[in-house]
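Visitor: File data.pdb below, PDB, C-alpha atoms:
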ATOM      1  CA  MET A 228     -29.616 246.829  57.965
ATOM      2  CA  GLY A 229     -27.388 249.266  56.152
ATOM      3  CA  HIS A 230     -28.580 250.920  52.956
ATOM      4  CA  GLU A 231     -25.922 249.173  50.843
ATOM      5  CA  ALA A 232     -26.866 245.767  52.240
ATOM      6  CA  ALA A 233     -30.547 246.419  51.600
ATOM      7  CA  ASP A 234     -29.921 247.458  48.007
ATOM      8  CA  ALA A 235     -27.575 244.525  47.311
ATOM      9  CA  VAL A 236     -29.545 241.744  49.011
ATOM     10  CA  LEU A 237     -33.185 242.791  49.086
ATOM     11  CA  LYS A 238     -33.723 243.747  45.478
ATOM     12  CA  PRO A 239     -37.229 244.827  44.339
ATOM     13  CA  ALA A 240     -38.324 241.275  43.492
ATOM     14  CA  ALA A 241     -37.380 240.053  46.981
ATOM     15  CA  ARG A 242     -39.216 242.951  48.613
ATOM     16  CA  ARG A 243     -42.315 242.207  46.582
ATOM     17  CA  ARG A 244     -42.237 238.609  47.782
ATOM     18  CA  LEU A 245     -41.829 239.753  51.382
ATOM     19  CA  ALA A 246     -44.852 242.015  50.938
ATOM     20  CA  GLU A 247     -46.911 238.975  49.924
ATOM     21  CA  ALA A 248     -46.513 237.560  53.426
ATOM     22  CA  VAL A 249     -46.246 240.579  55.736
ATOM     23  CA  ASP A 250     -47.031 244.282  55.870
ATOM     24  CA  LEU A 251     -43.744 246.039  55.246
ATOM     25  CA  ALA A 252     -42.936 249.172  57.207
ATOM     26  CA  PRO A 253     -42.355 252.168  54.929
ATOM     27  CA  ALA A 254     -38.866 252.940  56.214
ATOM     28  CA  LEU A 255     -35.595 251.012  56.232
ATOM     29  CA  LEU A 256     -34.169 251.138  59.755
ATOM     30  CA  THR A 257     -30.438 251.675  60.064
ATOM     31  CA  ASP A 258     -30.500 253.139  63.581
ATOM     32  CA  PHE A 259     -32.854 252.112  66.389
ATOM     33  CA  THR A 260     -32.536 255.403  68.271
ATOM     34  CA  THR A 261     -34.341 257.770  65.898
ATOM     35  CA  ALA A 262     -37.953 258.891  66.322
ATOM     36  CA  THR A 263     -38.898 257.162  63.053
ATOM     37  CA  ALA A 264     -37.262 253.932  64.177
ATOM     38  CA  ARG A 265     -39.003 253.942  67.528
ATOM     39  CA  GLU A 266     -42.358 254.669  65.943
ATOM     40  CA  THR A 267     -41.825 251.758  63.555
ATOM     41  CA  LEU A 268     -40.574 249.385  66.258
ATOM     42  CA  ALA A 269     -43.662 250.052  68.375
ATOM     43  CA  THR A 270     -45.822 247.963  66.010
ATOM     44  CA  THR A 271     -43.202 245.615  64.551
ATOM     45  CA  GLU A 272     -43.607 241.860  65.053
ATOM     46  CA  LEU A 273     -40.835 240.688  62.735
ATOM     47  CA  LEU A 274     -37.524 242.260  61.765
ATOM     48  CA  VAL A 275     -35.705 241.303  58.579
ATOM     49  CA  THR A 276     -32.074 242.136  59.301
ATOM     50  CA  GLY A 277     -28.798 242.208  57.401
ATOM     51  CA  TRP A 278     -25.248 243.512  57.408
ATOM     52  CA  GLY A 279     -25.055 246.786  59.301
ATOM     53  CA  CYS A 280     -27.896 246.049  61.705
ATOM     54  CA  PRO A 281     -27.317 247.756  65.074
ATOM     55  CA  PRO A 282     -27.539 245.638  68.244
ATOM     56  CA  LEU A 283     -31.001 244.685  69.414
ATOM     57  CA  ASP A 284     -30.121 245.562  72.981
ATOM     58  CA  ALA A 285     -32.388 246.263  75.938
ATOM     59  CA  THR A 286     -32.914 249.883  74.869
ATOM     60  CA  ALA A 287     -33.977 248.945  71.344
ATOM     61  CA  LEU A 288     -36.192 246.120  72.575
ATOM     62  CA  ALA A 289     -37.905 248.421  75.060
ATOM     63  CA  HIS A 290     -39.345 250.247  72.054
ATOM     64  CA  ALA A 291     -40.375 246.987  70.327
ATOM     65  CA  PRO A 292     -42.935 245.422  72.682
ATOM     66  CA  ARG A 293     -44.526 243.302  69.928
ATOM     67  CA  LEU A 294     -41.319 241.972  68.383
ATOM     68  CA  ARG A 295     -41.438 238.170  68.176
ATOM     69  CA  ALA A 296     -38.977 237.184  65.453
ATOM     70  CA  VAL A 297     -35.819 238.155  63.568
ATOM     71  CA  ALA A 298     -35.046 236.805  60.082
ATOM     72  CA  HIS A 299     -31.429 237.534  59.191
ATOM     73  CA  THR A 300     -30.393 237.762  55.530
ATOM     74  CA  ALA A 301     -26.758 236.884  56.265
ATOM     75  CA  GLY A 302     -24.828 234.328  58.292
ATOM     76  CA  SER A 303     -23.807 235.176  61.823
ATOM     77  CA  VAL A 304     -26.333 236.882  64.120
ATOM     78  CA  LYS A 305     -23.761 237.443  66.858
ATOM     79  CA  GLY A 306     -23.347 241.128  66.012
ATOM     80  CA  HIS A 307     -26.950 242.178  66.603
ATOM     81  CA  VAL A 308     -28.922 239.446  68.390
ATOM     82  CA  THR A 309     -28.175 240.048  72.056
ATOM     83  CA  GLN A 310     -28.817 238.087  75.236
ATOM     84  CA  GLU A 311     -31.880 240.271  75.776
ATOM     85  CA  CYS A 312     -33.393 238.840  72.576
ATOM     86  CA  TRP A 313     -32.913 235.290  73.814
ATOM     87  CA  ASP A 314     -34.264 236.222  77.241
ATOM     88  CA  ARG A 315     -37.444 237.541  75.632
ATOM     89  CA  GLY A 316     -37.918 234.360  73.651
ATOM     90  CA  ILE A 317     -37.604 236.090  70.294
ATOM     91  CA  GLU A 318     -37.333 233.551  67.473
ATOM     92  CA  VAL A 319     -34.218 233.974  65.343
ATOM     93  CA  SER A 320     -33.494 232.704  61.840
ATOM     94  CA  SER A 321     -30.264 232.973  59.878
ATOM     95  CA  ALA A 322     -29.285 232.533  56.230
ATOM     96  CA  ALA A 323     -26.049 230.860  57.365
ATOM     97  CA  ALA A 324     -26.931 227.656  55.518
ATOM     98  CA  ALA A 325     -27.425 229.611  52.289
ATOM     99  CA  ASN A 326     -24.159 231.473  52.836
ATOM    100  CA  ALA A 327     -22.363 228.173  53.444
ATOM    101  CA  ALA A 328     -22.914 227.084  49.837
ATOM    102  CA  PRO A 329     -20.430 229.417  48.097
ATOM    103  CA  VAL A 330     -17.881 229.020  50.896
ATOM    104  CA  ALA A 331     -17.977 225.257  50.470
ATOM    105  CA  GLU A 332     -17.689 225.573  46.686
ATOM    106  CA  TYR A 333     -14.670 227.866  47.059
ATOM    107  CA  THR A 334     -13.100 225.466  49.551
ATOM    108  CA  LEU A 335     -13.582 222.423  47.346
ATOM    109  CA  ALA A 336     -12.051 224.263  44.390
ATOM    110  CA  MET A 337      -9.042 225.354  46.440
ATOM    111  CA  ILE A 338      -8.436 221.863  47.861
ATOM    112  CA  LEU A 339      -8.470 220.324  44.385
ATOM    113  CA  LEU A 340      -6.310 223.087  42.911
ATOM    114  CA  ALA A 341      -3.864 222.866  45.830
ATOM    115  CA  ASN A 342      -3.380 219.118  45.462
ATOM    116  CA  LYS A 343      -2.931 219.602  41.717
ATOM    117  CA  ARG A 344      -0.282 222.297  42.457
ATOM    118  CA  VAL A 345      -2.017 224.593  39.974
ATOM    119  CA  LEU A 346      -0.677 227.940  41.207
ATOM    120  CA  HIS A 347       2.898 226.728  41.596
ATOM    121  CA  THR A 348       2.837 224.983  38.225
ATOM    122  CA  ALA A 349       1.301 228.005  36.481
ATOM    123  CA  ARG A 350       4.049 230.278  37.821
ATOM    124  CA  ALA A 351       6.761 227.839  36.754
ATOM    125  CA  TYR A 352       5.151 227.503  33.315
ATOM    126  CA  ALA A 353       5.055 231.281  32.872
ATOM    127  CA  ALA A 354       8.716 231.562  33.880
ATOM    128  CA  ARG A 355       9.818 228.676  31.650
ATOM    129  CA  ARG A 356       7.623 229.605  28.664
ATOM    130  CA  GLY A 357       7.576 225.955  27.758
ATOM    131  CA  ARG A 358       6.190 222.613  28.868
ATOM    132  CA  GLN A 359       7.846 220.368  31.385
ATOM    133  CA  GLU A 360       8.042 216.672  30.520
ATOM    134  CA  TRP A 361       4.723 215.580  32.024
ATOM    135  CA  LEU A 362       5.853 212.109  33.039
ATOM    136  CA  SER A 363       8.576 213.614  35.235
ATOM    137  CA  ALA A 364       6.146 215.732  37.258
ATOM    138  CA  ASP A 365       6.218 215.624  41.043
ATOM    139  CA  PRO A 366       4.757 212.214  41.994
ATOM    140  CA  THR A 367       2.886 213.805  44.913
ATOM    141  CA  LEU A 368       0.960 216.084  42.522
ATOM    142  CA  GLY A 369      -2.696 215.192  42.040
ATOM    143  CA  ASN A 370      -5.912 214.355  43.864
ATOM    144  CA  TYR A 371      -5.890 210.549  43.664
ATOM    145  CA  ARG A 372      -6.324 209.220  47.201
ATOM    146  CA  ARG A 373      -4.806 212.279  48.829
ATOM    147  CA  THR A 374      -5.669 212.988  52.462
ATOM    148  CA  VAL A 375      -7.765 216.027  53.315
ATOM    149  CA  GLY A 376      -8.258 217.208  56.886
ATOM    150  CA  ILE A 377     -11.367 219.173  57.837
ATOM    151  CA  VAL A 378     -11.272 221.145  61.072
ATOM    152  CA  SER A 379     -14.842 221.507  62.408
ATOM    153  CA  ALA A 380     -18.105 220.072  61.128
ATOM    154  CA  SER A 381     -19.737 223.493  61.017
ATOM    155  CA  LEU A 382     -22.390 224.320  58.432
ATOM    156  CA  VAL A 383     -19.627 225.041  55.948
ATOM    157  CA  GLY A 384     -17.527 222.101  57.084
ATOM    158  CA  ARG A 385     -20.410 219.695  56.599
ATOM    159  CA  ARG A 386     -21.116 221.063  53.144
ATOM    160  CA  VAL A 387     -17.446 220.674  52.215
ATOM    161  CA  LEU A 388     -17.541 217.092  53.464
ATOM    162  CA  ALA A 389     -20.554 216.417  51.249
ATOM    163  CA  LEU A 390     -18.803 217.854  48.191
ATOM    164  CA  LEU A 391     -15.624 215.882  48.871
ATOM    165  CA  ARG A 392     -17.521 212.590  48.703
ATOM    166  CA  ALA A 393     -17.579 212.789  44.905
ATOM    167  CA  HIS A 394     -13.778 212.587  44.798
ATOM    168  CA  ASP A 395     -11.319 209.780  45.428
ATOM    169  CA  LEU A 396      -9.924 211.259  48.628
ATOM    170  CA  ARG A 397      -9.308 210.129  52.190
ATOM    171  CA  VAL A 398     -11.031 212.580  54.536
ATOM    172  CA  LEU A 399     -10.256 213.184  58.211
ATOM    173  CA  LEU A 400     -12.404 215.288  60.537
ATOM    174  CA  HIS A 401     -11.670 216.930  63.853
ATOM    175  CA  ASP A 402     -14.665 218.171  65.803
ATOM    176  CA  PRO A 403     -15.051 217.543  69.561
ATOM    177  CA  TYR A 404     -18.848 217.653  69.237
ATOM    178  CA  VAL A 405     -19.040 214.895  66.606
ATOM    179  CA  THR A 406     -18.912 211.166  67.391
ATOM    180  CA  GLU A 407     -17.011 208.592  65.355
ATOM    181  CA  ALA A 408     -20.301 207.291  63.957
ATOM    182  CA  GLU A 409     -21.441 210.803  62.983
ATOM    183  CA  ALA A 410     -18.098 211.493  61.318
ATOM    184  CA  ALA A 411     -18.372 208.237  59.368
ATOM    185  CA  ALA A 412     -21.861 209.219  58.217
ATOM    186  CA  LEU A 413     -20.341 212.472  56.946
ATOM    187  CA  GLY A 414     -17.770 210.501  54.966
ATOM    188  CA  ALA A 415     -14.800 211.115  57.253
ATOM    189  CA  ALA A 416     -12.759 209.473  59.976
ATOM    190  CA  LYS A 417     -12.856 211.267  63.326
ATOM    191  CA  THR A 418      -9.313 212.288  64.253
ATOM    192  CA  GLU A 419      -7.560 214.336  66.901
ATOM    193  CA  LEU A 420      -5.871 217.506  65.678
ATOM    194  CA  PRO A 421      -2.233 216.337  65.874
ATOM    195  CA  GLU A 422      -3.013 213.161  63.962
ATOM    196  CA  LEU A 423      -5.038 215.083  61.379
ATOM    197  CA  PHE A 424      -2.240 217.571  60.674
ATOM    198  CA  ALA A 425       0.407 214.833  60.566
ATOM    199  CA  ALA A 426      -1.567 212.753  58.044
ATOM    200  CA  ALA A 427      -3.122 215.380  55.780
ATOM    201  CA  ASP A 428      -1.862 216.753  52.492
ATOM    202  CA  THR A 429      -4.338 219.628  52.727
ATOM    203  CA  VAL A 430      -6.088 220.993  55.827
ATOM    204  CA  SER A 431      -9.185 223.192  55.577
ATOM    205  CA  VAL A 432     -10.292 225.224  58.608
ATOM    206  CA  HIS A 433     -13.996 225.829  59.290
ATOM    207  CA  THR A 434     -13.948 226.600  63.012
ATOM    208  CA  PRO A 435     -15.900 229.578  64.398
ATOM    209  CA  LEU A 436     -13.808 232.163  66.230
ATOM    210  CA  LEU A 437     -14.507 231.699  69.930
ATOM    211  CA  PRO A 438     -12.310 232.358  72.971
ATOM    212  CA  ALA A 439     -11.459 228.643  72.983
ATOM    213  CA  THR A 440     -10.558 228.534  69.268
ATOM    214  CA  ARG A 441      -8.372 231.644  68.997
ATOM    215  CA  GLY A 442      -4.985 230.408  67.798
ATOM    216  CA  LEU A 443      -6.300 226.840  67.595
ATOM    217  CA  VAL A 444      -4.150 226.090  64.553
ATOM    218  CA  SER A 445      -0.901 226.533  66.404
ATOM    219  CA  ARG A 446       2.757 226.584  65.450
ATOM    220  CA  GLU A 447       3.048 223.028  66.778
ATOM    221  CA  LEU A 448       0.207 221.788  64.551
ATOM    222  CA  LEU A 449       1.566 223.548  61.480
ATOM    223  CA  ALA A 450       4.938 221.915  62.087
ATOM    224  CA  LEU A 451       3.218 218.520  61.810
ATOM    225  CA  LEU A 452       1.806 219.260  58.348
ATOM    226  CA  ARG A 453       3.958 217.454  55.806
ATOM    227  CA  ASP A 454       6.381 219.336  53.553
ATOM    228  CA  GLY A 455       4.498 220.800  50.604
ATOM    229  CA  GLY A 456       1.169 220.625  52.443
ATOM    230  CA  THR A 457      -1.495 223.298  52.112
ATOM    231  CA  LEU A 458      -3.518 225.131  54.754
ATOM    232  CA  VAL A 459      -6.861 226.563  53.551
ATOM    233  CA  ASN A 460      -8.641 229.038  55.829
ATOM    234  CA  THR A 461     -12.104 230.411  55.038
ATOM    235  CA  ALA A 462     -13.167 230.738  58.702
ATOM    236  CA  ARG A 463     -11.534 233.579  60.638
ATOM    237  CA  GLY A 464      -7.935 234.743  60.526
ATOM    238  CA  ALA A 465      -7.454 234.597  64.283
ATOM    239  CA  VAL A 466      -8.262 230.871  64.410
ATOM    240  CA  LEU A 467      -4.693 230.197  63.302
ATOM    241  CA  ASP A 468      -1.274 231.388  64.443
ATOM    242  CA  GLN A 469      -0.655 233.672  61.491
ATOM    243  CA  GLU A 470       2.914 234.455  62.493
ATOM    244  CA  ALA A 471       3.751 230.752  62.566
ATOM    245  CA  LEU A 472       2.089 230.196  59.194
ATOM    246  CA  THR A 473       4.001 233.156  57.758
ATOM    247  CA  ASP A 474       7.268 231.585  58.884
ATOM    248  CA  GLU A 475       6.340 228.259  57.264
ATOM    249  CA  VAL A 476       5.303 229.668  53.885
ATOM    250  CA  LEU A 477       8.219 232.084  53.666
ATOM    251  CA  ALA A 478      10.542 229.143  54.292
ATOM    252  CA  GLY A 479       8.883 227.418  51.339
ATOM    253  CA  ARG A 480       7.817 224.404  53.384
ATOM    254  CA  LEU A 481       4.041 224.942  53.266
ATOM    255  CA  HIS A 482       1.449 226.500  50.981
ATOM    256  CA  ALA A 483      -1.615 228.452  52.095
ATOM    257  CA  VAL A 484      -4.912 229.673  50.687
ATOM    258  CA  LEU A 485      -6.166 232.455  52.934
ATOM    259  CA  ASP A 486      -9.556 234.039  52.327
ATOM    260  CA  VAL A 487      -9.358 235.593  55.803
ATOM    261  CA  THR A 488      -6.473 237.095  57.752
ATOM    262  CA  GLU A 489      -5.869 238.908  61.027
ATOM    263  CA  PRO A 490      -6.386 241.811  60.558
ATOM    264  CA  GLU A 491      -8.963 241.358  57.793
ATOM    265  CA  VAL A 492      -6.759 243.392  55.417
ATOM    266  CA  LEU A 493      -3.077 242.878  56.094
ATOM    267  CA  PRO A 494      -0.750 245.902  56.320
ATOM    268  CA  ALA A 495       0.648 246.898  52.931
ATOM    269  CA  GLY A 496       4.144 245.708  53.838
ATOM    270  CA  HIS A 497       3.149 242.309  55.211
ATOM    271  CA  PRO A 498       5.283 239.525  53.668
ATOM    272  CA  LEU A 499       2.269 237.354  52.845
ATOM    273  CA  TRP A 500       1.333 239.751  50.035
ATOM    274  CA  GLU A 501       4.458 238.825  48.060
ATOM    275  CA  CYS A 502       4.839 235.190  49.080
ATOM    276  CA  GLU A 503       4.577 232.849  46.086
ATOM    277  CA  ASN A 504       3.376 230.017  48.295
ATOM    278  CA  VAL A 505       0.279 231.939  49.383
ATOM    279  CA  LEU A 506      -2.969 232.818  47.636
ATOM    280  CA  LEU A 507      -4.718 235.708  49.377
ATOM    281  CA  THR A 508      -8.328 236.509  48.508
ATOM    282  CA  PRO A 509     -10.459 239.312  50.017
ATOM    283  CA  HIS A 510     -13.125 237.314  51.916
ATOM    284  CA  LEU A 511     -14.280 236.159  48.507
ATOM    285  CA  ALA A 512     -15.611 232.775  49.562
ATOM    286  CA  GLY A 513     -18.790 234.099  51.182
ATOM    287  CA  SER A 514     -21.813 235.235  49.208
ATOM    288  CA  GLN A 515     -21.016 237.911  46.638
ATOM    289  CA  GLY A 516     -22.527 239.042  43.331
ATOM    290  CA  ASN A 517     -25.477 236.920  42.282
ATOM    291  CA  GLU A 518     -24.934 234.660  45.314
ATOM    292  CA  LEU A 519     -26.571 237.399  47.392
ATOM    293  CA  ASP A 520     -29.848 236.419  45.741
ATOM    294  CA  ARG A 521     -29.610 233.050  47.507
ATOM    295  CA  LEU A 522     -29.493 234.866  50.863
ATOM    296  CA  ALA A 523     -32.571 236.890  49.942
ATOM    297  CA  GLU A 524     -34.424 233.773  48.810
ATOM    298  CA  SER A 525     -33.609 232.042  52.092
ATOM    299  CA  ALA A 526     -34.883 234.970  54.153
ATOM    300  CA  VAL A 527     -38.034 235.352  52.042
ATOM    301  CA  ARG A 528     -38.885 231.679  52.512
ATOM    302  CA  GLU A 529     -38.349 232.003  56.250
ATOM    303  CA  VAL A 530     -40.662 235.024  56.460
ATOM    304  CA  HIS A 531     -43.359 233.188  54.522
ATOM    305  CA  ARG A 532     -43.047 230.176  56.826
ATOM    306  CA  TRP A 533     -43.188 232.325  59.943
ATOM    307  CA  ALA A 534     -46.171 234.343  58.722
ATOM    308  CA  ALA A 535     -48.011 231.084  57.973
ATOM    309  CA  GLY A 536     -47.370 229.862  61.507
ATOM    310  CA  GLU A 537     -44.982 227.106  60.388
ATOM    311  CA  GLY A 538     -41.912 228.364  62.268
ATOM    312  CA  PHE A 539     -38.447 228.929  60.889
ATOM    313  CA  ALA A 540     -36.695 226.179  58.937
ATOM    314  CA  HIS A 541     -33.300 227.651  59.857
ATOM    315  CA  ALA A 542     -33.922 228.700  63.432
ATOM    316  CA  VAL A 543     -30.932 229.547  65.632
ATOM    317  CA  PRO A 544     -31.542 227.742  68.943
ATOM    318  CA  PRO A 545     -30.720 229.745  72.086
ATOM    319  CA  GLU A 546     -28.532 226.926  73.386
ATOM    320  CA  GLN A 547     -26.211 227.376  70.396
ATOM    321  CA  ARG A 548     -25.519 231.053  70.999
ATOM    322  CA  GLU A 549     -22.171 230.350  72.697
ATOM    323  CA  LEU A 550     -20.946 228.526  69.586
ATOM    324  CA  LEU A 551     -22.065 231.076  67.002
ATOM    325  CA  ALA A 552     -19.472 232.168  64.474
TER     326      ALA A 552
END
Represent the structure of the file as structure tokens.
Guide:
Amino acid sequence: MGHEAADAVLKPAARRRLAEAVDLAPALLTDFTTATARETLATTELLVTGWGCPPLDATALAHAPRLRAVAHTAGSVKGHVTQECWDRGIEVSSAAAANAAPVAEYTLAMILLANKRVLHTARAYAARRGRQEWLSADPTLGNYRRTVGIVSASLVGRRVLALLRAHDLRVLLHDPYVTEAEAAALGAAKTELPELFAAADTVSVHTPLLPATRGLVSRELLALLRDGGTLVNTARGAVLDQEALTDEVLAGRLHAVLDVTEPEVLPAGHPLWECENVLLTPHLAGSQGNELDRLAESAVREVHRWAAGEGFAHAVPPEQRELLA
């Protein structure tokens, strides 16, 4: 992994716990092509990886004949676990479940705040410098029995569904891989995308970016979302038609909470920066600050399990590689 990732995630206490289960190599590897890296890889059985890890391609693996497992301290392994790893039968673990926790918390907060019209009301309050008569507030404001649509029962999506159960909300779910019975067990009604967008007050997107999901949230779907509705995206910017969403929010018809955009940082002159109907955050939902310690704890537990011969609790099955975020 990169030096910054190692310093931020694998703090001294985490490294000491790793050393209780395995013999740690003396050097942090940031490049698999150096003489030091190849000398280290020659005897390595397990790699603990993180942000900035180079691809474990055929060339790297040729210098790691004893490598049997990869424990990743972040979410997606798509950037460094290659087909060659799967072909060799290397076991792979990810901290995606740990990283899902703060994303789900962020999402829940934004859904509740959106339905309560907090940002809009705060701006109006600041402009008015006085209270509005509270009994004359917009009758659609609030979270009582509002309809929330969840797009994809991913790790994050499922965690959001679990958090929503504590609230008096109607929840719809679209996921082609989930049955009606499974959706019901998650506390939601399985719904096709057009019906979900037409019925929901707030839609939250948790779909991985795949060739089939690029632009999934289309102009046609956004047009179905009721006036004043909110679109929350913590997945990937390219999952939605950003130009269509821009048109909708600039027209004042929809609201949006975007933790991700396409590109990741919008150009300085992009109209979404100044749009009052949009809250932009800089990929804040994922693990940051002390939440990084949760990622380290997850990876440390996985290493201890693997070293004890118990296998990974959060293994990434080879058959799921085509659906990885």
Visitor: What's the separation between atom CA of Thr406 of chain A and atom CA of Val375 of chain A, in Å to one decimal place?
Guide: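 Computed distance, atom CA of Thr406 of chain A to atom CA of Val375 of chain A, equals 18.6 Å.
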Visitor: Apply the PyMOL selection byres ((chain A and resi 278-291) around 8) to the structure shown and report the selected residues as a ChimeraX atom specification.
Guide: /A:228-229,232,257-260,265,268-271,276-277,292-294,300-301,306-312
Visitor: Around all listed atoms of segment 426-444 of chain A, padded 5 Å per side, what centre and edge lengths does the axis-aligned box have in Å to one decimal, as AutoDock Vina command-line options?
Guide:
--center_x -8.7 --center_y 222.6 --center_z 62.7 --size_x 24.3 --size_y 29.6 --size_z 30.5
Visitor: So how far away is atom CA of Val378 of chain A from atom CA of Leu399 of chain A, in Å?
Guide: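 Atom CA of Val378 of chain A lies at a distance of 8.5 Å from atom CA of Leu399 of chain A.
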Visitor: Quick check, in Å to one decimal: how far apart do atom CA of His394 of chain A and atom CA of Asp365 of chain A lie?
Guide: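 Atom CA of Asp365 of chain A lies 20.6 Å from atom CA of His394 of chain A.
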Visitor: So which residues touch Asp486 of chain A within 9 Å, counting only C-alpha atoms, skipping near sequence neighbours fewer than 4 positions away, as a list in words?
Guide: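 The residues satisfying every condition are Val459, Asn460, Thr461, Ala462, Arg463, Gly464, Leu506, Leu507, Thr508, Pro509, His510, Leu511 and Ala512 of chain A.
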Visitor: Can you tell me, as a list in words, what residues are no more than 9 Å from Val383 of chain A when counting all atoms listed in the file, ignoring any on the same chain fewer than 6 positions away?
Guide: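 Returned residues: Ala323, Ala324, Asn326, Ala327, Ala328, Val330, Ala331 and His433 of chain A.
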Visitor: Can you turn the PyMOL selection byres ((chain A and resi 520) around 12) into a concrete residue list for this file, as number ranges by chain?
Guide: A: 232-242, 300-301, 322, 325-326, 329, 514-519, 521-527
Visitor: Near Ile377 of chain A, within 6 Å and counting all atoms listed in the file, which residues show up once chain neighbours fewer than 5 positions away are dropped, as a VMD selection string?
Guide: chain A and resid 400 430 to 431
Visitor: Would you list the residues near (0.8, 228.2, 40.6), meaning any protein, DNA or RNA residue with an atom at most 12 Å from that point in file coordinates, counting all atoms listed in the file, as a VMD selection string?
Guide: chain A and resid 337 340 to 354 482 to 484 502 to 506
Visitor: Could you save those same residues with C-alpha atoms as a tab-separated table (two decimals), in the coordinates of the input?
Guide:
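The resulting file, selection_6.tsv, is reproduced below:
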chain	number	residue	atom	x	y	z
A	337	MET	CA	-9.04	225.35	46.44
A	340	LEU	CA	-6.31	223.09	42.91
A	341	ALA	CA	-3.86	222.87	45.83
A	342	ASN	CA	-3.38	219.12	45.46
A	343	LYS	CA	-2.93	219.60	41.72
A	344	ARG	CA	-0.28	222.30	42.46
A	345	VAL	CA	-2.02	224.59	39.97
A	346	LEU	CA	-0.68	227.94	41.21
A	347	HIS	CA	2.90	226.73	41.60
A	348	THR	CA	2.84	224.98	38.22
A	349	ALA	CA	1.30	228.00	36.48
A	350	ARG	CA	4.05	230.28	37.82
A	351	ALA	CA	6.76	227.84	36.75
A	352	TYR	CA	5.15	227.50	33.32
A	353	ALA	CA	5.06	231.28	32.87
A	354	ALA	CA	8.72	231.56	33.88
A	482	HIS	CA	1.45	226.50	50.98
A	483	ALA	CA	-1.62	228.45	52.10
A	484	VAL	CA	-4.91	229.67	50.69
A	502	CYS	CA	4.84	235.19	49.08
A	503	GLU	CA	4.58	232.85	46.09
A	504	ASN	CA	3.38	230.02	48.30
A	505	VAL	CA	0.28	231.94	49.38
A	506	LEU	CA	-2.97	232.82	47.64
Visitor: Report as number ranges by chain the full result of the PyMOL selection byres ((chain A and resi 250) around 12) when it is applied to this structure.
Guide: A: 242-249, 251-254, 267, 270-274, 530-531, 534
Visitor: I want to know what sits within 10 Å of Glu470 of chain A, based on only C-alpha atoms, with residues of the same chain fewer than 3 positions away left out; could you give that as number ranges by chain?
Guide: A: 445-446, 467, 473-475, 489
Visitor: Could you name the residues that touch Ala450 of chain A at 10 Å or less, counting all atoms listed in the file, but leaving out those on the same chain fewer than 3 positions away, as a PyMOL selection string?
Guide: chain A and resi 421+424-425+445-447+453-454+471-472+475+480-481
Visitor: Got a minute to add N, CA, C and O atoms to segment 385-394 of chain A and dump it as an mmCIF file, in the frame of the given file?
Guide:
data_model
loop_
_atom_site.group_PDB
_atom_site.id
_atom_site.type_symbol
_atom_site.label_atom_id
_atom_site.label_comp_id
_atom_site.auth_asym_id
_atom_site.auth_seq_id
_atom_site.Cartn_x
_atom_site.Cartn_y
_atom_site.Cartn_z
ATOM 1 N N ARG A 385 -19.576 220.814 57.022
ATOM 2 C CA ARG A 385 -20.410 219.695 56.599
ATOM 3 C C ARG A 385 -20.689 219.750 55.095
ATOM 4 O O ARG A 385 -20.753 218.712 54.426
ATOM 5 N N ARG A 386 -20.864 220.948 54.587
ATOM 6 C CA ARG A 386 -21.116 221.063 53.144
ATOM 7 C C ARG A 386 -19.865 220.697 52.345
ATOM 8 O O ARG A 386 -19.952 220.077 51.284
ATOM 9 N N VAL A 387 -18.693 221.069 52.861
ATOM 10 C CA VAL A 387 -17.446 220.674 52.215
ATOM 11 C C VAL A 387 -17.304 219.157 52.229
ATOM 12 O O VAL A 387 -16.937 218.538 51.222
ATOM 13 N N LEU A 388 -17.615 218.549 53.359
ATOM 14 C CA LEU A 388 -17.541 217.092 53.464
ATOM 15 C C LEU A 388 -18.449 216.427 52.431
ATOM 16 O O LEU A 388 -18.065 215.429 51.796
ATOM 17 N N ALA A 389 -19.631 216.980 52.239
ATOM 18 C CA ALA A 389 -20.554 216.417 51.249
ATOM 19 C C ALA A 389 -19.984 216.528 49.838
ATOM 20 O O ALA A 389 -20.098 215.593 49.032
ATOM 21 N N LEU A 390 -19.369 217.664 49.528
ATOM 22 C CA LEU A 390 -18.803 217.854 48.191
ATOM 23 C C LEU A 390 -17.583 216.954 47.959
ATOM 24 O O LEU A 390 -17.338 216.498 46.835
ATOM 25 N N LEU A 391 -16.818 216.708 49.016
ATOM 26 C CA LEU A 391 -15.624 215.882 48.871
ATOM 27 C C LEU A 391 -15.952 214.427 48.566
ATOM 28 O O LEU A 391 -15.118 213.698 48.017
ATOM 29 N N ARG A 392 -17.155 214.002 48.886
ATOM 30 C CA ARG A 392 -17.521 212.590 48.703
ATOM 31 C C ARG A 392 -17.467 212.170 47.243
ATOM 32 O O ARG A 392 -17.335 210.983 46.933
ATOM 33 N N ALA A 393 -17.594 213.122 46.339
ATOM 34 C CA ALA A 393 -17.579 212.789 44.905
ATOM 35 C C ALA A 393 -16.167 212.518 44.387
ATOM 36 O O ALA A 393 -16.007 212.127 43.234
ATOM 37 N N HIS A 394 -15.162 212.698 45.247
ATOM 38 C CA HIS A 394 -13.778 212.587 44.798
ATOM 39 C C HIS A 394 -13.069 211.451 45.524
ATOM 40 O O HIS A 394 -13.436 211.061 46.629
#
